Amino acid sequence: MRPQRFDLLAFDWDGTLFDSTALIARSIQRAAVDLGLEEPDYDEAKYVIGLGLRDALERVVPGLSPDRYGDLGLRYRHHYLGSEHEVALFDGSVEMLQALKARHHWLAVATGKNRVGLDRALVTADLTKMFDATRTADETRSKPHPQMLHELMREFGVEPERCLMIGDTTHDLQLAANAGAPCVAVSFGAHDHETFGEFNPLFIAHSTRELHDWLIQHA
């Protein structure tokens, strides 16, 4: 028996389920410094979280010679992987996902991470069997292009109104809008919740517990 309102719940990863916002932003800053570039502003580094890595670096370090973005990406990964063990899922994320799974929702991840990075994170978090499908930025179009969400909807035969996107950035909410799907936002990730209004999220959660409770009651 399928849920009453949403069949498919698509979660962003970084900043929504995984408390990695600060680490990603710091890694971007340090990667730029390693290449002798001016350190990006912390808020600017946070803003690009959710995009594919190449898109994120091009936006936060504009004007860099195209042949140097590969080196910038390598330095980013060096710093991120060196400290990835220090961050974890937001408290309550596993319990929330388990409760939603018990309600027979299909659960998915739609992330700006690459496939290797997401698979590693899922293994570390012991969530490899939790999600019914996942999409990463290196195997489809980067957010906010709707392809990522359209592919997930097609996989399960779900219409846009039966799919809910949950994320912490305007990139996530724009992805949902571009795909014709409703969205829920969380305020504890990369973007200021005051920027979410134009996307008309059904709800803005200020904690994982608030998100859990809303999804159980309304999804």
# chains A, B, ... in the order shown; residues from 1 in each chain; ligands from 1
>>> residues_around(residues="stretch 20-32 of chain A", least_positions_apart="6", cutoff="7 Å", atoms="only C-alpha atoms", output="short mmCIF file (atom, residue, chain, number, x, y, z; two decimals) with N, CA and C atoms, in the first residue's frame")
data_model
loop_
_atom_site.label_atom_id
_atom_site.label_comp_id
_atom_site.auth_asym_id
_atom_site.auth_seq_id
_atom_site.Cartn_x
_atom_site.Cartn_y
_atom_site.Cartn_z
N ASP A 14 24.45 16.37 1.31
CA ASP A 14 25.25 17.30 2.11
C ASP A 14 24.41 18.45 2.62
N GLU A 38 43.29 33.77 -4.27
CA GLU A 38 42.68 34.43 -3.12
C GLU A 38 41.66 33.49 -2.49
N GLU A 39 41.66 33.43 -1.15
CA GLU A 39 40.71 32.56 -0.46
C GLU A 39 39.29 33.05 -0.67
N PRO A 40 38.40 32.20 -1.18
CA PRO A 40 37.00 32.62 -1.36
C PRO A 40 36.35 32.94 -0.02
N TYR A 42 33.78 32.66 2.89
CA TYR A 42 33.16 31.44 3.42
C TYR A 42 31.72 31.29 2.95
N ALA A 45 31.64 30.19 -0.58
CA ALA A 45 31.99 28.77 -0.67
C ALA A 45 30.80 27.89 -0.26
N LYS A 46 30.06 28.32 0.76
CA LYS A 46 28.87 27.57 1.17
C LYS A 46 27.79 27.60 0.09
N LEU A 72 42.45 22.23 -9.05
CA LEU A 72 41.67 22.76 -7.94
C LEU A 72 40.79 21.67 -7.35
N ARG A 75 42.88 19.31 -5.18
CA ARG A 75 43.20 19.88 -3.87
C ARG A 75 41.96 19.91 -2.96
N TYR A 76 40.81 20.17 -3.56
CA TYR A 76 39.57 20.12 -2.78
C TYR A 76 39.38 18.72 -2.20
N HIS A 79 41.68 17.93 0.78
CA HIS A 79 41.27 18.49 2.07
C HIS A 79 39.98 17.84 2.59
N TYR A 80 39.03 17.60 1.68
CA TYR A 80 37.76 17.01 2.12
C TYR A 80 37.98 15.59 2.66
N VAL A 87 33.02 14.25 10.26
CA VAL A 87 31.61 14.66 10.16
C VAL A 87 30.73 13.42 10.04
N GLY A 189 21.43 23.73 6.88
CA GLY A 189 22.48 23.38 5.95
C GLY A 189 23.23 24.57 5.42
N ALA A 190 23.39 24.65 4.09
CA ALA A 190 24.29 25.62 3.48
C ALA A 190 23.68 27.00 3.22
#
>>> residues_around(residues="A:Pro144", least_positions_apart="5", cutoff="7 Å", atoms="only C-alpha atoms", output="list in words")
His171, Asp172, Gln174 and Leu175 of chain A
>>> closest_residue(among="A:Tyr69, A:Phe6, A:Phe131, A:Phe11", to="A:Val186", atoms="only C-alpha atoms")
A:Phe11
>>> closest_residue(among="A:Leu81, A:Ala56, A:Val184, A:Ala219", to="A:His206", atoms="only C-alpha atoms")
A:Val184
>>> closest_atom_pairs(of="stretch 1-31 of chain A", to="stretch 90-99 of chain A", cutoff="7 Å", atoms="only C-alpha atoms", output="tab-separated table")
residue	atom	partner	partner_atom	distance
A:Leu17	CA	A:Phe90	CA	5.8
A:Phe18	CA	A:Phe90	CA	5.7
A:Asp19	CA	A:Phe90	CA	5.6
>>> closest_residue(among="A:Ala108, A:Val60, A:Ala133, A:Leu164", to="A:Ala185", atoms="only C-alpha atoms")
A:Leu164
